[in-house]
Amino acid sequence: MHQSDVANTSYVHMMKNVKLPVSGTTYRYAINPPLEKEKPYLLFLHGFPETSYSWVNQIEYFTRRGYGIIAPDLLGTGGTDKPVKLEAYSLKTMASEIAELLDCEGLDKVVAVSHDL
């Protein structure tokens with residue numbers, strides 16, 4: 001797993017890769033469960049041309065406060081696949097793949113935080 005861009009972060013140990021079963025796309029993401037059952041997962045979606053590293057301060061802040069986090073490198077960035085076909089980058093396709101990623105982790109409810117989308 002390529003991690004040089006997050007190697008010096010406090011959350012490098014949270015990084016994970018998954019090949020989505022439907023689309024076949026591989027996503028790299030940070031994930032950490034909530035410390036308390038009543039705390040939600042926060043889904044951090046970065047803008048372009050960034051990576052999940054854009055959320056380094058928020059990941060550190062919210063994990064220290066017991067929230068669950070999931071912060072993927074979106075399609076074409078960081079450790080996630082970089083398809084050459086333009087159609088792969090449609091909002092509908094990308095949203096579908098994020099839903100598929102959440103399904104892979106068994107997450108049916110998250111609080112989404114994003115920018116530049």
# chains A, B, ... in the order shown; residues from 1 in each chain; ligands from 1
$ select_by_dssp --residues "chain A" --states "alpha helix (DSSP H)" --output "count of residues only"
23
$ select_by_dssp --residues "chain A" --states "strand (DSSP E)" --output "list in words"
Met15, Lys16, Asn17, Val18, Lys19, Thr26, Tyr27, Arg28, Tyr29, Ala30, Ile31, Asn32, Tyr41, Leu42, Leu43, Phe44, Leu45, Gly68, Ile69, Ile70, Ala71, Pro72, Val111, Ala112, Val113 and Ser114 of chain A
$ write_last_selection --atoms "N, CA and C atoms" --output "mmCIF file, in the first residue's frame"
data_model
loop_
_atom_site.group_PDB
_atom_site.id
_atom_site.type_symbol
_atom_site.label_atom_id
_atom_site.label_comp_id
_atom_site.auth_asym_id
_atom_site.auth_seq_id
_atom_site.Cartn_x
_atom_site.Cartn_y
_atom_site.Cartn_z
ATOM 1 N N MET A 15 -4.994 3.594 7.899
ATOM 2 C CA MET A 15 -5.140 3.473 6.452
ATOM 3 C C MET A 15 -5.454 2.037 6.036
ATOM 4 N N LYS A 16 -6.294 1.933 5.037
ATOM 5 C CA LYS A 16 -6.758 0.629 4.574
ATOM 6 C C LYS A 16 -7.034 0.722 3.073
ATOM 7 N N ASN A 17 -6.951 -0.378 2.375
ATOM 8 C CA ASN A 17 -7.329 -0.475 0.956
ATOM 9 C C ASN A 17 -8.430 -1.508 0.815
ATOM 10 N N VAL A 18 -9.329 -1.261 -0.135
ATOM 11 C CA VAL A 18 -10.348 -2.247 -0.454
ATOM 12 C C VAL A 18 -10.639 -2.171 -1.951
ATOM 13 N N LYS A 19 -10.798 -3.345 -2.548
ATOM 14 C CA LYS A 19 -11.248 -3.425 -3.937
ATOM 15 C C LYS A 19 -12.758 -3.599 -3.884
ATOM 16 N N THR A 26 -10.214 0.081 -6.657
ATOM 17 C CA THR A 26 -9.542 0.019 -5.357
ATOM 18 C C THR A 26 -9.476 1.413 -4.751
ATOM 19 N N TYR A 27 -9.944 1.514 -3.512
ATOM 20 C CA TYR A 27 -9.917 2.762 -2.766
ATOM 21 C C TYR A 27 -8.991 2.632 -1.570
ATOM 22 N N ARG A 28 -8.245 3.696 -1.299
ATOM 23 C CA ARG A 28 -7.467 3.802 -0.063
ATOM 24 C C ARG A 28 -8.195 4.804 0.826
ATOM 25 N N TYR A 29 -8.254 4.500 2.112
ATOM 26 C CA TYR A 29 -8.983 5.379 3.024
ATOM 27 C C TYR A 29 -8.506 5.184 4.460
ATOM 28 N N ALA A 30 -8.740 6.229 5.252
ATOM 29 C CA ALA A 30 -8.511 6.151 6.697
ATOM 30 C C ALA A 30 -9.850 5.794 7.332
ATOM 31 N N ILE A 31 -9.806 4.900 8.296
ATOM 32 C CA ILE A 31 -11.027 4.534 9.014
ATOM 33 C C ILE A 31 -10.683 4.246 10.467
ATOM 34 N N ASN A 32 -11.538 4.731 11.347
ATOM 35 C CA ASN A 32 -11.371 4.503 12.772
ATOM 36 C C ASN A 32 -12.764 4.485 13.400
ATOM 37 N N TYR A 41 -20.106 8.037 12.771
ATOM 38 C CA TYR A 41 -18.993 8.077 11.829
ATOM 39 C C TYR A 41 -19.099 9.377 11.049
ATOM 40 N N LEU A 42 -17.985 10.058 10.860
ATOM 41 C CA LEU A 42 -17.913 11.239 10.014
ATOM 42 C C LEU A 42 -17.219 10.840 8.724
ATOM 43 N N LEU A 43 -17.882 11.072 7.604
ATOM 44 C CA LEU A 43 -17.338 10.767 6.284
ATOM 45 C C LEU A 43 -16.758 12.050 5.709
ATOM 46 N N PHE A 44 -15.443 12.102 5.567
ATOM 47 C CA PHE A 44 -14.766 13.285 5.045
ATOM 48 C C PHE A 44 -14.453 13.089 3.564
ATOM 49 N N LEU A 45 -15.037 13.948 2.718
ATOM 50 C CA LEU A 45 -14.823 13.897 1.273
ATOM 51 C C LEU A 45 -14.094 15.161 0.841
ATOM 52 N N GLY A 68 -16.180 8.319 15.119
ATOM 53 C CA GLY A 68 -15.664 7.454 14.080
ATOM 54 C C GLY A 68 -15.366 8.307 12.857
ATOM 55 N N ILE A 69 -14.365 7.918 12.095
ATOM 56 C CA ILE A 69 -14.053 8.657 10.868
ATOM 57 C C ILE A 69 -13.823 7.685 9.720
ATOM 58 N N ILE A 70 -14.178 8.136 8.530
ATOM 59 C CA ILE A 70 -13.794 7.454 7.308
ATOM 60 C C ILE A 70 -13.479 8.557 6.299
ATOM 61 N N ALA A 71 -12.265 8.517 5.770
ATOM 62 C CA ALA A 71 -11.787 9.569 4.872
ATOM 63 C C ALA A 71 -11.091 8.928 3.679
ATOM 64 N N PRO A 72 -11.825 8.737 2.587
ATOM 65 C CA PRO A 72 -11.215 8.111 1.405
ATOM 66 C C PRO A 72 -10.426 9.099 0.558
ATOM 67 N N VAL A 111 -22.280 10.849 8.899
ATOM 68 C CA VAL A 111 -22.458 12.288 8.742
ATOM 69 C C VAL A 111 -21.402 12.727 7.737
ATOM 70 N N ALA A 112 -21.859 13.216 6.584
ATOM 71 C CA ALA A 112 -20.924 13.586 5.506
ATOM 72 C C ALA A 112 -20.464 15.022 5.677
ATOM 73 N N VAL A 113 -19.153 15.210 5.473
ATOM 74 C CA VAL A 113 -18.528 16.528 5.507
ATOM 75 C C VAL A 113 -17.702 16.618 4.234
ATOM 76 N N SER A 114 -17.917 17.673 3.438
ATOM 77 C CA SER A 114 -17.179 17.773 2.186
ATOM 78 C C SER A 114 -16.956 19.225 1.800
#
$ closest_residue --among "A:Phe62, A:Gly47, A:Leu86, A:Thr77" --to "A:Pro33" --atoms "only C-alpha atoms"
A:Phe62
$ closest_atom_pairs --of "stretch 2-32 of chain A" --to "stretch 90-100 of chain A" --cutoff "10 Å" --atoms "only C-alpha atoms" --output "JSON lines"
{"residue": "A:Leu20", "atom": "CA", "partner": "A:Glu100", "partner_atom": "CA", "distance": 6.7}
{"residue": "A:Pro21", "atom": "CA", "partner": "A:Glu100", "partner_atom": "CA", "distance": 8.1}
{"residue": "A:Val22", "atom": "CA", "partner": "A:Glu100", "partner_atom": "CA", "distance": 7.7}
{"residue": "A:Ser23", "atom": "CA", "partner": "A:Glu97", "partner_atom": "CA", "distance": 7.3}
{"residue": "A:Gly24", "atom": "CA", "partner": "A:Glu97", "partner_atom": "CA", "distance": 9.6}
{"residue": "A:Thr25", "atom": "CA", "partner": "A:Glu97", "partner_atom": "CA", "distance": 8.1}
{"residue": "A:Thr26", "atom": "CA", "partner": "A:Glu97", "partner_atom": "CA", "distance": 9.9}
{"residue": "A:Tyr27", "atom": "CA", "partner": "A:Glu97", "partner_atom": "CA", "distance": 9.1}
$ residues_around --residues "A:Lys39" --least-positions-apart "2" --cutoff "9 Å" --atoms "only C-alpha atoms" --output "JSON, numbers by chain"
{"A": [34, 35, 36, 37, 41, 66, 67, 68]}
$ write_last_selection --atoms "all heavy atoms" --output "mmCIF file, in the first residue's frame"
data_model
loop_
_atom_site.group_PDB
_atom_site.id
_atom_site.type_symbol
_atom_site.label_atom_id
_atom_site.label_comp_id
_atom_site.auth_asym_id
_atom_site.auth_seq_id
_atom_site.Cartn_x
_atom_site.Cartn_y
_atom_site.Cartn_z
ATOM 1 N N PRO A 34 -15.903 4.723 16.147
ATOM 2 C CA PRO A 34 -16.173 5.610 17.281
ATOM 3 C C PRO A 34 -15.845 4.903 18.594
ATOM 4 O O PRO A 34 -15.948 3.678 18.689
ATOM 5 C CB PRO A 34 -17.664 5.906 17.170
ATOM 6 C CG PRO A 34 -18.230 4.870 16.270
ATOM 7 C CD PRO A 34 -17.112 4.333 15.436
ATOM 8 N N LEU A 35 -15.458 5.684 19.584
ATOM 9 C CA LEU A 35 -15.144 5.119 20.904
ATOM 10 C C LEU A 35 -16.410 4.827 21.710
ATOM 11 O O LEU A 35 -16.391 4.010 22.612
ATOM 12 C CB LEU A 35 -14.237 6.063 21.689
ATOM 13 C CG LEU A 35 -12.836 6.269 21.116
ATOM 14 C CD1 LEU A 35 -12.049 7.263 21.964
ATOM 15 C CD2 LEU A 35 -12.084 4.948 21.009
ATOM 16 N N GLU A 36 -17.486 5.542 21.397
ATOM 17 C CA GLU A 36 -18.747 5.361 22.105
ATOM 18 C C GLU A 36 -19.844 5.099 21.075
ATOM 19 O O GLU A 36 -19.848 5.702 20.005
ATOM 20 C CB GLU A 36 -19.082 6.614 22.910
ATOM 21 C CG GLU A 36 -17.997 6.997 23.903
ATOM 22 C CD GLU A 36 -18.132 8.435 24.382
ATOM 23 O OE1 GLU A 36 -19.206 9.044 24.197
ATOM 24 O OE2 GLU A 36 -17.152 8.948 24.932
ATOM 25 N N LYS A 37 -20.783 4.239 21.408
ATOM 26 C CA LYS A 37 -21.826 3.838 20.475
ATOM 27 C C LYS A 37 -22.653 5.014 19.954
ATOM 28 O O LYS A 37 -23.085 5.020 18.802
ATOM 29 C CB LYS A 37 -22.745 2.804 21.139
ATOM 30 C CG LYS A 37 -23.706 2.155 20.202
ATOM 31 C CD LYS A 37 -24.490 1.064 20.880
ATOM 32 C CE LYS A 37 -25.421 0.405 19.879
ATOM 33 N NZ LYS A 37 -26.156 -0.696 20.453
ATOM 34 N N TYR A 41 -20.106 8.037 12.771
ATOM 35 C CA TYR A 41 -18.993 8.077 11.829
ATOM 36 C C TYR A 41 -19.099 9.377 11.049
ATOM 37 O O TYR A 41 -20.194 9.756 10.606
ATOM 38 C CB TYR A 41 -19.055 6.917 10.830
ATOM 39 C CG TYR A 41 -18.310 5.688 11.239
ATOM 40 C CD1 TYR A 41 -18.953 4.676 11.935
ATOM 41 C CD2 TYR A 41 -16.966 5.528 10.929
ATOM 42 C CE1 TYR A 41 -18.270 3.520 12.304
ATOM 43 C CE2 TYR A 41 -16.274 4.381 11.288
ATOM 44 C CZ TYR A 41 -16.932 3.385 11.979
ATOM 45 O OH TYR A 41 -16.258 2.250 12.337
ATOM 46 N N GLY A 66 -13.577 10.901 20.169
ATOM 47 C CA GLY A 66 -14.346 9.670 20.164
ATOM 48 C C GLY A 66 -15.232 9.417 18.969
ATOM 49 O O GLY A 66 -15.952 8.424 18.933
ATOM 50 N N TYR A 67 -15.198 10.288 17.974
ATOM 51 C CA TYR A 67 -16.006 10.068 16.778
ATOM 52 C C TYR A 67 -15.351 9.032 15.875
ATOM 53 O O TYR A 67 -14.139 8.910 15.838
ATOM 54 C CB TYR A 67 -16.167 11.372 15.979
ATOM 55 C CG TYR A 67 -17.057 12.374 16.660
ATOM 56 C CD1 TYR A 67 -16.535 13.260 17.598
ATOM 57 C CD2 TYR A 67 -18.415 12.436 16.374
ATOM 58 C CE1 TYR A 67 -17.352 14.178 18.236
ATOM 59 C CE2 TYR A 67 -19.235 13.346 17.006
ATOM 60 C CZ TYR A 67 -18.689 14.218 17.937
ATOM 61 O OH TYR A 67 -19.499 15.123 18.565
ATOM 62 N N GLY A 68 -16.180 8.319 15.119
ATOM 63 C CA GLY A 68 -15.664 7.454 14.080
ATOM 64 C C GLY A 68 -15.366 8.307 12.857
ATOM 65 O O GLY A 68 -16.029 9.319 12.627
#
$ atom_distance --atom1 "atom CA of A:Tyr61" --atom2 "atom CA of A:Val110"
17.2 Å
$ closest_residue --among "A:Asp103, A:His46, A:Val56, A:Glu38" --to "A:Val12" --atoms "only C-alpha atoms"
A:Val56
$ closest_residue --among "A:Met14, A:Leu107, A:Leu74, A:Val84" --to "A:Phe48" --atoms "only C-alpha atoms"
A:Leu74
$ closest_residue --among "A:Thr80, A:Lys109, A:Tyr11, A:Cys104" --to "A:Tyr53" --atoms "only C-alpha atoms"
A:Tyr11
$ closest_residue --among "A:Gly79, A:Ser10, A:Ala88, A:Leu102" --to "A:Ile59" --atoms "only C-alpha atoms"
A:Ser10
